[in-house]
Amino acid sequence: MEDVIIIGTGCAGWTAAIYTARANLNPLVLSGTQLGGQLTTTTEVENFPGFPEGVMGPELMGRMQQQAEKFGARVEYKKVEEIAKNDNGTFILTTDVGTVQAKTVIIATGAAPRYLGLENEMKLVGHGVTSCATCDGAFYRDVPVAVVGGGDSACEEANFLTRFASKVYLIHRRDELRASKIMADRVLVNDKVEPVWDSAITEYLTDDAGEVRAVSLKNLKSGEESELDLKCVFVAIGHVPNSQFVGDLVELDEGGYILQNAHSTSTKTPGIFAAGDVADHVYRQAITAAGQGCAAALEAERYLSDSE
Ligand code: NAP
């Protein structure tokens, strides 16, 4: 029986691991499929305090892991499929390779990229549709590509892609970016970026090899339809929380985010805590996820000593 199981290895998970390990709780961290979480698919992180020159996302996550392991956190590459409660108030977690048991669970599973929901979209992932510019940008040198979305992610991806692509269309459903001013300004002055305002992709068009060659577009104000030749669409329209496996031990809001009790990372089930992007649809920053990971660790520690 573990004292603490932490599910997830993003900023929230590793921070919870550092704190619970330093409290001698010997945490077990279950990594799931994406070790290091969302920051492993980003480039430079400019706003994590303590790094005035910026730090690459994968490096930051690697350092967090090192720090957690230095204090005794153990990592297992298991994906949790279900959490159930034992009669004595402890928990049994079913994973893809067996079960593990714990007195407390910190859910820090983050969020996954949202796609447009078009008919053949998921089949085209890897064939001209993707959500990760860092991963796939370099495959599209000297050809036109598009980014969909108007937030910080879309702007960041569009700027990054100008290193490779001949042109980057920024397709947004409104005529104003949601992104922070610094990110929006940066993208709008970039000569290689061409905004396509008030528009939505209605269809991906493919060539004989099954690769994306163009998209059909609809202007949402005029209703006008058009086609745009390009080789890849980078979808950057936000995220869906990874909370599908949690069952009824925690409550979810309408967006699937785990509901925490007021001013706490605790959930409706004593002993289960939630931290980071799986529970936070407001801030969604690396540093706020790390802060929640810390809070969850302190609360789990307190819960364990209170129940002794
Ligand atoms: P976001 O801020 O939620 O923006 C999502 C964008 O996608 C919005 O522009 C939205 O349009 C659009 N969108 C949503 N659903 C759509 C759909 N079905 N079809 C077409 N467009 C759709 O998400 P994000 O950009 O991923 O950012 C998430 C959080 O991470 C934010 O807090 C952001 O500040 C942060 N972030 C920070 C940095 C940084 O500081 N370096 C980098 C990346 C992300 P509307 O605008 O019309 O709603």
# chains A, B, ... in the order shown; residues from 1 in each chain; ligands from 1
$ residues_around --residues "segment 20-36 of chain A" --least-positions-apart "5" --cutoff "6 Å" --atoms "only C-alpha atoms" --output "PyMOL selection string"
chain A and resi 4-10+61+71-79+297
$ write_last_selection --atoms "all heavy atoms" --output "compact mmCIF listing (two decimals), in the first residue's frame"
# COMPACT_ATOMS: atom_id res chain seq x y z
N VAL A 4 1.25 7.69 -1.13
CA VAL A 4 0.79 8.65 -2.15
C VAL A 4 1.08 8.10 -3.54
O VAL A 4 2.21 7.72 -3.83
CB VAL A 4 1.56 10.00 -2.06
CG1 VAL A 4 0.95 11.01 -3.02
CG2 VAL A 4 1.58 10.54 -0.66
N ILE A 5 0.06 8.11 -4.37
CA ILE A 5 0.29 7.87 -5.80
C ILE A 5 -0.03 9.17 -6.52
O ILE A 5 -1.08 9.80 -6.28
CB ILE A 5 -0.57 6.71 -6.34
CG1 ILE A 5 0.02 5.38 -5.86
CG2 ILE A 5 -0.63 6.74 -7.86
CD1 ILE A 5 -0.72 4.15 -6.36
N ILE A 6 0.90 9.59 -7.37
CA ILE A 6 0.69 10.80 -8.18
C ILE A 6 0.48 10.33 -9.61
O ILE A 6 1.31 9.58 -10.15
CB ILE A 6 1.91 11.73 -8.08
CG1 ILE A 6 2.07 12.21 -6.63
CG2 ILE A 6 1.78 12.91 -9.03
CD1 ILE A 6 3.45 12.74 -6.30
N ILE A 7 -0.62 10.74 -10.21
CA ILE A 7 -0.86 10.35 -11.60
C ILE A 7 -0.55 11.55 -12.48
O ILE A 7 -1.22 12.58 -12.39
CB ILE A 7 -2.33 9.91 -11.83
CG1 ILE A 7 -2.81 8.99 -10.71
CG2 ILE A 7 -2.49 9.23 -13.17
CD1 ILE A 7 -4.29 8.64 -10.80
N GLY A 8 0.48 11.41 -13.32
CA GLY A 8 0.82 12.50 -14.23
C GLY A 8 2.21 13.06 -13.96
O GLY A 8 2.65 13.13 -12.81
N THR A 9 2.89 13.44 -15.04
CA THR A 9 4.27 13.92 -14.92
C THR A 9 4.46 15.26 -15.61
O THR A 9 5.48 15.50 -16.26
CB THR A 9 5.25 12.88 -15.51
OG1 THR A 9 4.81 12.57 -16.84
CG2 THR A 9 5.32 11.63 -14.68
N GLY A 10 3.46 16.12 -15.52
CA GLY A 10 3.63 17.50 -15.95
C GLY A 10 4.14 18.32 -14.76
O GLY A 10 4.61 17.77 -13.76
N MET A 61 11.17 20.12 -17.81
CA MET A 61 10.52 18.93 -17.27
C MET A 61 11.53 17.87 -16.82
O MET A 61 11.34 17.21 -15.81
CB MET A 61 9.55 18.33 -18.31
CG MET A 61 8.46 19.27 -18.74
SD MET A 61 7.76 20.23 -17.39
CE MET A 61 7.10 18.93 -16.39
N PHE A 71 15.03 13.06 -4.49
CA PHE A 71 14.47 12.95 -3.14
C PHE A 71 13.73 11.62 -2.92
O PHE A 71 13.07 11.44 -1.92
CB PHE A 71 13.55 14.13 -2.84
CG PHE A 71 14.30 15.44 -2.77
CD1 PHE A 71 14.03 16.44 -3.68
CD2 PHE A 71 15.28 15.65 -1.81
CE1 PHE A 71 14.73 17.65 -3.63
CE2 PHE A 71 15.98 16.85 -1.75
CZ PHE A 71 15.71 17.85 -2.67
N GLY A 72 13.77 10.74 -3.93
CA GLY A 72 13.23 9.39 -3.71
C GLY A 72 11.93 9.08 -4.41
O GLY A 72 11.36 7.99 -4.20
N ALA A 73 11.41 9.97 -5.26
CA ALA A 73 10.19 9.63 -6.00
C ALA A 73 10.50 8.49 -6.97
O ALA A 73 11.56 8.46 -7.57
CB ALA A 73 9.67 10.85 -6.76
N ARG A 74 9.56 7.56 -7.10
CA ARG A 74 9.72 6.45 -8.05
C ARG A 74 8.76 6.64 -9.21
O ARG A 74 7.62 7.05 -8.99
CB ARG A 74 9.40 5.12 -7.37
CG ARG A 74 10.38 4.73 -6.24
CD ARG A 74 9.74 3.76 -5.29
NE ARG A 74 8.60 4.34 -4.61
CZ ARG A 74 7.45 3.70 -4.38
NH1 ARG A 74 7.29 2.45 -4.75
NH2 ARG A 74 6.46 4.32 -3.76
N VAL A 75 9.21 6.35 -10.43
CA VAL A 75 8.35 6.53 -11.60
C VAL A 75 8.05 5.18 -12.23
O VAL A 75 8.96 4.38 -12.42
CB VAL A 75 9.03 7.39 -12.69
CG1 VAL A 75 8.03 7.77 -13.77
CG2 VAL A 75 9.65 8.62 -12.08
N GLU A 76 6.78 4.94 -12.53
CA GLU A 76 6.43 3.74 -13.30
C GLU A 76 5.60 4.18 -14.50
O GLU A 76 4.75 5.05 -14.39
CB GLU A 76 5.65 2.75 -12.42
CG GLU A 76 6.55 2.11 -11.37
CD GLU A 76 5.83 1.08 -10.51
OE1 GLU A 76 4.65 0.75 -10.79
OE2 GLU A 76 6.45 0.64 -9.52
N TYR A 77 5.88 3.53 -15.64
CA TYR A 77 5.25 3.95 -16.91
C TYR A 77 3.93 3.21 -17.09
O TYR A 77 3.80 2.36 -17.96
CB TYR A 77 6.23 3.73 -18.06
CG TYR A 77 7.49 4.53 -17.83
CD1 TYR A 77 8.55 3.99 -17.10
CD2 TYR A 77 7.59 5.83 -18.27
CE1 TYR A 77 9.69 4.74 -16.84
CE2 TYR A 77 8.72 6.58 -18.01
CZ TYR A 77 9.76 6.03 -17.30
OH TYR A 77 10.88 6.78 -17.03
N LYS A 78 2.97 3.53 -16.24
CA LYS A 78 1.68 2.86 -16.29
C LYS A 78 0.59 3.88 -16.54
O LYS A 78 0.66 5.01 -16.04
CB LYS A 78 1.40 2.16 -14.95
CG LYS A 78 2.32 1.01 -14.68
CD LYS A 78 2.08 0.43 -13.30
CE LYS A 78 2.94 -0.80 -13.07
NZ LYS A 78 2.96 -1.19 -11.66
N LYS A 79 -0.43 3.44 -17.26
CA LYS A 79 -1.54 4.35 -17.56
C LYS A 79 -2.73 3.93 -16.69
O LYS A 79 -3.17 2.77 -16.74
CB LYS A 79 -1.90 4.20 -19.04
CG LYS A 79 -2.93 5.19 -19.50
CD LYS A 79 -3.00 5.18 -21.03
CE LYS A 79 -3.75 6.38 -21.54
NZ LYS A 79 -5.14 6.26 -21.70
N ALA A 297 0.32 18.26 -2.58
CA ALA A 297 1.26 17.47 -1.78
C ALA A 297 1.11 17.80 -0.30
O ALA A 297 1.05 16.91 0.56
CB ALA A 297 2.69 17.75 -2.24
$ residues_near_ligand --ligand "ligand 1" --cutoff "10 Å" --atoms "only C-alpha atoms and all ligand atoms" --output "short mmCIF file (atom, residue, chain, number, x, y, z; two decimals) with all heavy atoms, in the first residue's frame"
data_model
loop_
_atom_site.label_atom_id
_atom_site.label_comp_id
_atom_site.auth_asym_id
_atom_site.auth_seq_id
_atom_site.Cartn_x
_atom_site.Cartn_y
_atom_site.Cartn_z
N LEU A 39 4.55 20.47 -21.61
CA LEU A 39 5.74 21.30 -21.89
C LEU A 39 6.78 20.56 -22.71
O LEU A 39 7.67 21.18 -23.28
CB LEU A 39 6.37 21.81 -20.58
CG LEU A 39 5.69 23.01 -19.93
CD1 LEU A 39 6.59 23.59 -18.86
CD2 LEU A 39 5.36 24.10 -20.94
N THR A 42 6.58 21.79 -26.28
CA THR A 42 6.73 23.21 -26.55
C THR A 42 8.22 23.53 -26.72
O THR A 42 9.08 22.67 -26.50
CB THR A 42 6.09 24.07 -25.44
OG1 THR A 42 6.07 25.43 -25.86
CG2 THR A 42 6.87 23.98 -24.13
N THR A 43 8.51 24.74 -27.13
CA THR A 43 9.92 25.13 -27.29
C THR A 43 10.35 25.90 -26.06
O THR A 43 10.43 25.34 -24.97
CB THR A 43 10.11 25.97 -28.56
OG1 THR A 43 9.13 27.00 -28.58
CG2 THR A 43 10.01 25.11 -29.79
N GLU A 44 10.56 27.18 -26.23
CA GLU A 44 11.12 27.96 -25.14
C GLU A 44 10.02 28.44 -24.19
O GLU A 44 9.00 28.96 -24.64
CB GLU A 44 11.87 29.16 -25.71
CG GLU A 44 12.75 29.78 -24.68
CD GLU A 44 13.77 30.71 -25.29
OE1 GLU A 44 13.73 30.95 -26.50
OE2 GLU A 44 14.61 31.20 -24.52
N VAL A 45 10.25 28.26 -22.91
CA VAL A 45 9.33 28.78 -21.90
C VAL A 45 9.96 30.06 -21.36
O VAL A 45 11.05 30.02 -20.80
CB VAL A 45 9.13 27.74 -20.76
CG1 VAL A 45 8.16 28.26 -19.72
CG2 VAL A 45 8.65 26.42 -21.35
N GLU A 46 9.28 31.17 -21.57
CA GLU A 46 9.88 32.46 -21.23
C GLU A 46 9.39 33.00 -19.90
O GLU A 46 9.90 34.01 -19.42
CB GLU A 46 9.54 33.50 -22.31
CG GLU A 46 10.20 33.24 -23.64
CD GLU A 46 9.84 34.30 -24.67
OE1 GLU A 46 8.75 34.90 -24.57
OE2 GLU A 46 10.65 34.49 -25.59
N ASN A 47 8.32 32.37 -19.36
CA ASN A 47 7.68 33.00 -18.21
C ASN A 47 7.71 32.14 -16.95
O ASN A 47 6.94 32.37 -16.02
CB ASN A 47 6.23 33.39 -18.56
CG ASN A 47 5.45 32.22 -19.13
OD1 ASN A 47 5.94 31.10 -19.13
ND2 ASN A 47 4.25 32.48 -19.63
N PHE A 48 8.58 31.13 -16.92
CA PHE A 48 8.70 30.35 -15.69
C PHE A 48 9.73 31.06 -14.81
O PHE A 48 10.88 31.23 -15.21
CB PHE A 48 9.15 28.92 -15.99
CG PHE A 48 8.82 27.96 -14.88
CD1 PHE A 48 7.58 27.33 -14.85
CD2 PHE A 48 9.72 27.72 -13.85
CE1 PHE A 48 7.26 26.45 -13.82
CE2 PHE A 48 9.40 26.85 -12.82
CZ PHE A 48 8.17 26.21 -12.80
N ALA A 112 -5.30 17.35 -22.92
CA ALA A 112 -4.83 16.95 -24.26
C ALA A 112 -5.34 17.93 -25.30
O ALA A 112 -6.37 18.58 -25.09
CB ALA A 112 -5.35 15.55 -24.57
N PRO A 113 -4.63 18.05 -26.42
CA PRO A 113 -5.05 19.02 -27.43
C PRO A 113 -6.46 18.74 -27.97
O PRO A 113 -6.84 17.59 -28.16
CB PRO A 113 -4.04 18.83 -28.57
CG PRO A 113 -3.00 17.93 -28.06
CD PRO A 113 -3.45 17.30 -26.80
N ARG A 114 -7.18 19.81 -28.19
CA ARG A 114 -8.52 19.70 -28.79
C ARG A 114 -8.37 19.78 -30.31
O ARG A 114 -7.56 20.54 -30.83
CB ARG A 114 -9.37 20.88 -28.31
CG ARG A 114 -10.82 20.85 -28.74
CD ARG A 114 -11.48 22.20 -28.48
NE ARG A 114 -11.45 22.61 -27.10
CZ ARG A 114 -12.26 22.14 -26.14
NH1 ARG A 114 -13.19 21.28 -26.45
NH2 ARG A 114 -12.16 22.56 -24.90
N TYR A 115 -9.15 18.98 -31.02
CA TYR A 115 -9.16 19.04 -32.49
C TYR A 115 -10.48 19.64 -32.96
O TYR A 115 -11.40 19.85 -32.16
CB TYR A 115 -8.92 17.65 -33.08
CG TYR A 115 -7.45 17.26 -33.05
CD1 TYR A 115 -6.90 16.60 -31.94
CD2 TYR A 115 -6.60 17.58 -34.10
CE1 TYR A 115 -5.55 16.27 -31.90
CE2 TYR A 115 -5.25 17.26 -34.08
CZ TYR A 115 -4.74 16.60 -32.98
OH TYR A 115 -3.41 16.28 -32.93
N LEU A 116 -10.59 19.89 -34.26
CA LEU A 116 -11.78 20.60 -34.79
C LEU A 116 -13.02 19.71 -34.83
O LEU A 116 -14.14 20.23 -34.86
CB LEU A 116 -11.49 21.12 -36.21
CG LEU A 116 -10.42 22.21 -36.30
CD1 LEU A 116 -10.05 22.48 -37.75
CD2 LEU A 116 -10.93 23.48 -35.63
N GLY A 117 -12.82 18.41 -34.90
CA GLY A 117 -13.98 17.50 -34.95
C GLY A 117 -14.49 17.28 -36.36
O GLY A 117 -15.62 16.85 -36.56
N LEU A 118 -13.65 17.54 -37.36
CA LEU A 118 -14.07 17.31 -38.75
C LEU A 118 -14.00 15.82 -39.08
O LEU A 118 -13.24 15.08 -38.45
CB LEU A 118 -13.20 18.11 -39.72
CG LEU A 118 -13.31 19.63 -39.58
CD1 LEU A 118 -12.31 20.32 -40.47
CD2 LEU A 118 -14.73 20.08 -39.90
N VAL A 148 -4.58 26.93 -36.72
CA VAL A 148 -5.96 27.31 -36.40
C VAL A 148 -6.03 27.72 -34.94
O VAL A 148 -5.54 26.98 -34.07
CB VAL A 148 -6.95 26.15 -36.60
CG1 VAL A 148 -8.39 26.64 -36.47
CG2 VAL A 148 -6.75 25.48 -37.93
N GLY A 149 -6.66 28.86 -34.65
CA GLY A 149 -6.82 29.32 -33.27
C GLY A 149 -6.37 30.75 -33.13
O GLY A 149 -5.69 31.30 -34.02
N GLY A 150 -6.74 31.37 -32.01
CA GLY A 150 -6.38 32.78 -31.81
C GLY A 150 -5.81 33.04 -30.43
O GLY A 150 -5.70 34.18 -30.00
N GLY A 151 -5.40 31.97 -29.75
CA GLY A 151 -4.86 32.12 -28.40
C GLY A 151 -3.34 32.17 -28.39
O GLY A 151 -2.70 32.23 -29.44
N ASP A 152 -2.76 32.14 -27.20
CA ASP A 152 -1.30 32.17 -27.07
C ASP A 152 -0.65 30.99 -27.79
O ASP A 152 0.39 31.14 -28.42
CB ASP A 152 -0.91 32.12 -25.58
CG ASP A 152 -1.06 33.47 -24.92
OD1 ASP A 152 -0.94 34.50 -25.61
OD2 ASP A 152 -1.33 33.50 -23.70
N SER A 153 -1.27 29.82 -27.68
CA SER A 153 -0.67 28.65 -28.33
C SER A 153 -0.61 28.84 -29.83
O SER A 153 0.42 28.57 -30.46
CB SER A 153 -1.49 27.38 -28.04
OG SER A 153 -1.55 27.13 -26.68
N ALA A 154 -1.70 29.31 -30.42
CA ALA A 154 -1.74 29.51 -31.88
C ALA A 154 -0.66 30.50 -32.30
O ALA A 154 0.05 30.28 -33.28
CB ALA A 154 -3.13 29.99 -32.31
N CYS A 155 -0.53 31.59 -31.55
CA CYS A 155 0.47 32.62 -31.91
C CYS A 155 1.88 32.07 -31.77
O CYS A 155 2.74 32.29 -32.63
CB CYS A 155 0.30 33.85 -31.03
SG CYS A 155 -1.23 34.71 -31.38
N GLU A 156 2.11 31.34 -30.67
CA GLU A 156 3.44 30.76 -30.44
C GLU A 156 3.80 29.79 -31.57
O GLU A 156 4.89 29.82 -32.12
CB GLU A 156 3.41 30.03 -29.10
CG GLU A 156 4.75 29.63 -28.58
CD GLU A 156 4.63 29.09 -27.16
OE1 GLU A 156 4.02 28.02 -26.97
OE2 GLU A 156 5.13 29.73 -26.24
N GLU A 157 2.82 28.94 -31.93
CA GLU A 157 3.07 27.95 -32.98
C GLU A 157 3.31 28.64 -34.31
O GLU A 157 4.20 28.26 -35.07
CB GLU A 157 1.89 26.98 -33.09
CG GLU A 157 1.58 26.30 -31.77
CD GLU A 157 1.61 24.79 -31.86
OE1 GLU A 157 1.06 24.24 -32.82
OE2 GLU A 157 2.17 24.16 -30.95
N ILE A 171 -5.51 30.93 -39.12
CA ILE A 171 -6.96 30.89 -39.36
C ILE A 171 -7.69 31.02 -38.03
O ILE A 171 -7.53 30.18 -37.13
CB ILE A 171 -7.36 29.56 -40.06
CG1 ILE A 171 -6.59 29.41 -41.38
CG2 ILE A 171 -8.87 29.50 -40.29
CD1 ILE A 171 -6.76 28.04 -42.04
N HIS A 172 -8.48 32.08 -37.90
CA HIS A 172 -9.17 32.31 -36.62
C HIS A 172 -10.65 32.60 -36.89
O HIS A 172 -10.99 33.25 -37.87
CB HIS A 172 -8.51 33.49 -35.91
CG HIS A 172 -9.06 33.75 -34.54
ND1 HIS A 172 -9.51 32.74 -33.70
CD2 HIS A 172 -9.25 34.91 -33.85
CE1 HIS A 172 -9.93 33.27 -32.57
NE2 HIS A 172 -9.79 34.58 -32.64
N ARG A 173 -11.49 32.11 -35.99
CA ARG A 173 -12.94 32.24 -36.23
C ARG A 173 -13.47 33.64 -35.95
O ARG A 173 -14.62 33.93 -36.25
CB ARG A 173 -13.69 31.21 -35.40
CG ARG A 173 -13.52 31.36 -33.90
CD ARG A 173 -14.21 30.22 -33.18
NE ARG A 173 -14.02 30.30 -31.74
CZ ARG A 173 -14.47 29.38 -30.89
NH1 ARG A 173 -15.12 28.33 -31.34
NH2 ARG A 173 -14.28 29.52 -29.61
N ARG A 174 -12.64 34.50 -35.34
CA ARG A 174 -13.06 35.89 -35.12
C ARG A 174 -12.06 36.82 -35.80
O ARG A 174 -11.14 36.36 -36.47
CB ARG A 174 -13.10 36.18 -33.62
CG ARG A 174 -14.11 35.33 -32.88
CD ARG A 174 -14.25 35.74 -31.44
NE ARG A 174 -13.07 35.49 -30.64
CZ ARG A 174 -12.48 36.38 -29.86
NH1 ARG A 174 -12.95 37.62 -29.79
NH2 ARG A 174 -11.42 36.07 -29.14
N ASP A 175 -12.23 38.15 -35.60
CA ASP A 175 -11.28 39.07 -36.23
C ASP A 175 -10.37 39.72 -35.19
O ASP A 175 -9.79 40.78 -35.41
CB ASP A 175 -11.99 40.14 -37.08
CG ASP A 175 -12.89 41.02 -36.24
OD1 ASP A 175 -12.95 40.81 -35.00
OD2 ASP A 175 -13.55 41.90 -36.82
N GLU A 176 -10.26 39.05 -34.04
CA GLU A 176 -9.43 39.59 -32.96
C GLU A 176 -8.81 38.40 -32.22
O GLU A 176 -9.50 37.41 -31.96
CB GLU A 176 -10.38 40.34 -32.00
CG GLU A 176 -9.71 41.18 -30.98
CD GLU A 176 -10.75 41.74 -30.01
OE1 GLU A 176 -11.95 41.42 -30.14
OE2 GLU A 176 -10.35 42.46 -29.11
N LEU A 177 -7.53 38.53 -31.91
CA LEU A 177 -6.86 37.41 -31.23
C LEU A 177 -7.17 37.43 -29.74
O LEU A 177 -7.29 38.50 -29.14
CB LEU A 177 -5.35 37.49 -31.46
CG LEU A 177 -4.89 37.32 -32.92
CD1 LEU A 177 -3.39 37.58 -33.05
CD2 LEU A 177 -5.23 35.93 -33.44
N ARG A 178 -7.27 36.24 -29.16
CA ARG A 178 -7.48 36.12 -27.72
C ARG A 178 -6.13 36.18 -26.99
O ARG A 178 -6.07 36.45 -25.80
CB ARG A 178 -8.14 34.75 -27.46
CG ARG A 178 -8.17 34.30 -26.04
CD ARG A 178 -8.80 32.92 -25.95
NE ARG A 178 -10.16 32.94 -26.46
CZ ARG A 178 -11.21 33.33 -25.74
NH1 ARG A 178 -11.05 33.72 -24.49
NH2 ARG A 178 -12.41 33.32 -26.26
N ALA A 179 -5.05 35.95 -27.73
CA ALA A 179 -3.71 35.84 -27.14
C ALA A 179 -3.33 37.10 -26.36
O ALA A 179 -3.86 38.19 -26.62
CB ALA A 179 -2.70 35.60 -28.25
N SER A 180 -2.35 36.96 -25.46
CA SER A 180 -1.82 38.11 -24.73
C SER A 180 -1.20 39.08 -25.74
O SER A 180 -0.76 38.68 -26.81
CB SER A 180 -0.79 37.66 -23.71
OG SER A 180 0.19 36.86 -24.36
N ILE A 182 1.57 40.70 -26.02
CA ILE A 182 2.96 40.49 -26.48
C ILE A 182 3.02 39.39 -27.55
O ILE A 182 3.72 39.52 -28.56
CB ILE A 182 3.92 40.20 -25.29
CG1 ILE A 182 5.36 40.14 -25.76
CG2 ILE A 182 3.55 38.95 -24.56
CD1 ILE A 182 6.37 40.11 -24.63
N MET A 183 2.22 38.34 -27.35
CA MET A 183 2.24 37.22 -28.32
C MET A 183 1.53 37.64 -29.60
O MET A 183 1.97 37.31 -30.70
CB MET A 183 1.52 36.01 -27.73
CG MET A 183 2.05 35.54 -26.40
SD MET A 183 3.59 34.66 -26.56
CE MET A 183 2.99 33.03 -26.87
N ASP A 198 -12.15 35.57 -39.23
CA ASP A 198 -13.57 35.20 -39.31
C ASP A 198 -13.80 33.91 -40.11
O ASP A 198 -14.81 33.79 -40.80
CB ASP A 198 -14.38 36.33 -39.97
CG ASP A 198 -14.28 37.62 -39.18
OD1 ASP A 198 -14.46 37.58 -37.96
OD2 ASP A 198 -14.01 38.67 -39.81
N SER A 199 -12.87 32.99 -40.01
CA SER A 199 -12.95 31.83 -40.90
C SER A 199 -12.83 30.51 -40.16
O SER A 199 -12.16 30.43 -39.12
CB SER A 199 -11.85 31.91 -41.96
OG SER A 199 -12.04 33.06 -42.75
N ALA A 200 -13.48 29.50 -40.73
CA ALA A 200 -13.41 28.15 -40.17
C ALA A 200 -13.08 27.17 -41.27
O ALA A 200 -13.55 27.31 -42.40
CB ALA A 200 -14.74 27.79 -39.52
N ILE A 201 -12.29 26.16 -40.93
CA ILE A 201 -12.03 25.07 -41.87
C ILE A 201 -13.25 24.16 -41.87
O ILE A 201 -13.72 23.76 -40.80
CB ILE A 201 -10.77 24.27 -41.46
CG1 ILE A 201 -9.53 25.15 -41.56
CG2 ILE A 201 -10.62 23.02 -42.32
CD1 ILE A 201 -8.24 24.46 -41.15
N VAL A 235 -3.41 22.48 -35.42
CA VAL A 235 -4.62 22.85 -34.68
C VAL A 235 -4.21 23.29 -33.27
O VAL A 235 -3.57 22.52 -32.54
CB VAL A 235 -5.61 21.67 -34.61
CG1 VAL A 235 -6.89 22.09 -33.91
CG2 VAL A 235 -5.93 21.16 -36.02
N ALA A 236 -4.57 24.53 -32.90
CA ALA A 236 -4.17 25.07 -31.58
C ALA A 236 -5.38 25.77 -30.97
O ALA A 236 -5.39 26.98 -30.79
CB ALA A 236 -3.00 26.03 -31.75
N ILE A 237 -6.41 24.99 -30.70
CA ILE A 237 -7.68 25.58 -30.23
C ILE A 237 -8.00 25.17 -28.79
O ILE A 237 -9.16 25.04 -28.41
CB ILE A 237 -8.84 25.22 -31.18
CG1 ILE A 237 -9.03 23.71 -31.25
CG2 ILE A 237 -8.61 25.81 -32.56
CD1 ILE A 237 -10.35 23.29 -31.90
N GLY A 238 -6.97 25.00 -28.00
CA GLY A 238 -7.21 24.68 -26.60
C GLY A 238 -7.11 23.20 -26.31
O GLY A 238 -6.67 22.41 -27.16
N HIS A 239 -7.53 22.84 -25.14
CA HIS A 239 -7.30 21.48 -24.63
C HIS A 239 -8.52 20.88 -23.96
O HIS A 239 -9.42 21.60 -23.55
CB HIS A 239 -6.13 21.52 -23.64
CG HIS A 239 -4.84 21.81 -24.32
ND1 HIS A 239 -4.43 23.09 -24.62
CD2 HIS A 239 -3.89 20.98 -24.79
CE1 HIS A 239 -3.28 23.04 -25.26
NE2 HIS A 239 -2.92 21.77 -25.37
N ASP A 277 -3.69 21.36 -14.85
CA ASP A 277 -4.63 21.60 -15.95
C ASP A 277 -5.84 20.67 -15.98
O ASP A 277 -6.82 20.97 -16.65
CB ASP A 277 -3.90 21.47 -17.30
CG ASP A 277 -3.04 22.68 -17.59
OD1 ASP A 277 -2.81 23.48 -16.66
OD2 ASP A 277 -2.59 22.84 -18.74
N ASP A 280 -7.89 22.95 -13.69
CA ASP A 280 -7.82 24.41 -13.80
C ASP A 280 -8.10 24.87 -15.22
O ASP A 280 -7.27 24.68 -16.10
CB ASP A 280 -6.42 24.88 -13.37
CG ASP A 280 -6.19 26.35 -13.68
OD1 ASP A 280 -7.17 27.11 -13.78
OD2 ASP A 280 -5.02 26.73 -13.85
N HIS A 281 -9.27 25.44 -15.45
CA HIS A 281 -9.55 25.95 -16.79
C HIS A 281 -9.37 27.46 -16.86
O HIS A 281 -9.65 28.09 -17.86
CB HIS A 281 -10.96 25.57 -17.24
CG HIS A 281 -12.03 26.09 -16.33
ND1 HIS A 281 -12.56 27.34 -16.47
CD2 HIS A 281 -12.60 25.54 -15.25
CE1 HIS A 281 -13.45 27.53 -15.51
NE2 HIS A 281 -13.49 26.45 -14.75
N VAL A 282 -8.88 28.04 -15.77
CA VAL A 282 -8.76 29.50 -15.73
C VAL A 282 -7.34 29.96 -16.06
O VAL A 282 -7.11 30.72 -16.99
CB VAL A 282 -9.17 30.04 -14.35
CG1 VAL A 282 -9.04 31.56 -14.32
CG2 VAL A 282 -10.59 29.62 -14.01
N TYR A 283 -6.35 29.47 -15.32
CA TYR A 283 -4.98 29.99 -15.47
C TYR A 283 -4.15 29.15 -16.45
O TYR A 283 -3.48 29.71 -17.30
CB TYR A 283 -4.29 30.06 -14.11
CG TYR A 283 -5.05 30.93 -13.14
CD1 TYR A 283 -5.75 30.38 -12.08
CD2 TYR A 283 -5.09 32.30 -13.33
CE1 TYR A 283 -6.46 31.19 -11.21
CE2 TYR A 283 -5.80 33.11 -12.46
CZ TYR A 283 -6.49 32.55 -11.40
OH TYR A 283 -7.19 33.34 -10.55
N ARG A 284 -4.15 27.84 -16.27
CA ARG A 284 -3.50 26.91 -17.19
C ARG A 284 -2.05 27.27 -17.52
O ARG A 284 -1.64 27.22 -18.68
CB ARG A 284 -4.33 26.79 -18.48
CG ARG A 284 -5.71 26.20 -18.21
CD ARG A 284 -6.56 26.18 -19.43
NE ARG A 284 -6.84 27.51 -19.91
CZ ARG A 284 -7.56 27.80 -20.98
NH1 ARG A 284 -8.06 26.82 -21.70
NH2 ARG A 284 -7.79 29.02 -21.33
N GLN A 285 -1.31 27.66 -16.54
CA GLN A 285 0.09 28.01 -16.75
C GLN A 285 0.98 26.96 -16.08
O GLN A 285 0.57 26.32 -15.11
CB GLN A 285 0.39 29.39 -16.13
CG GLN A 285 -0.47 30.50 -16.64
CD GLN A 285 -0.24 30.77 -18.11
OE1 GLN A 285 0.88 31.03 -18.54
NE2 GLN A 285 -1.28 30.68 -18.91
N ALA A 286 2.20 26.86 -16.57
CA ALA A 286 3.15 25.92 -15.95
C ALA A 286 3.32 26.24 -14.46
O ALA A 286 3.31 25.35 -13.62
CB ALA A 286 4.49 26.01 -16.67
#
$ residues_around --residues "Cys294 of chain A" --least-positions-apart "2" --cutoff "6 Å" --atoms "only C-alpha atoms" --output "PyMOL selection string"
chain A and resi 15-16+291-292+296-297
$ residues_around --residues "Ala214 of chain A" --least-positions-apart "6" --cutoff "6 Å" --atoms "only C-alpha atoms" --output "PyMOL selection string"
chain A and resi 205+228-230
$ closest_residue --among "A:Thr134, A:Thr206, A:Ser307, A:Thr94" --to "Thr162 of chain A" --atoms "only C-alpha atoms"
A:Thr134
$ residues_around --residues "Phe139 of chain A" --least-positions-apart "3" --cutoff "9 Å" --atoms "only C-alpha atoms" --output "PyMOL selection string"
chain A and resi 135-136+164
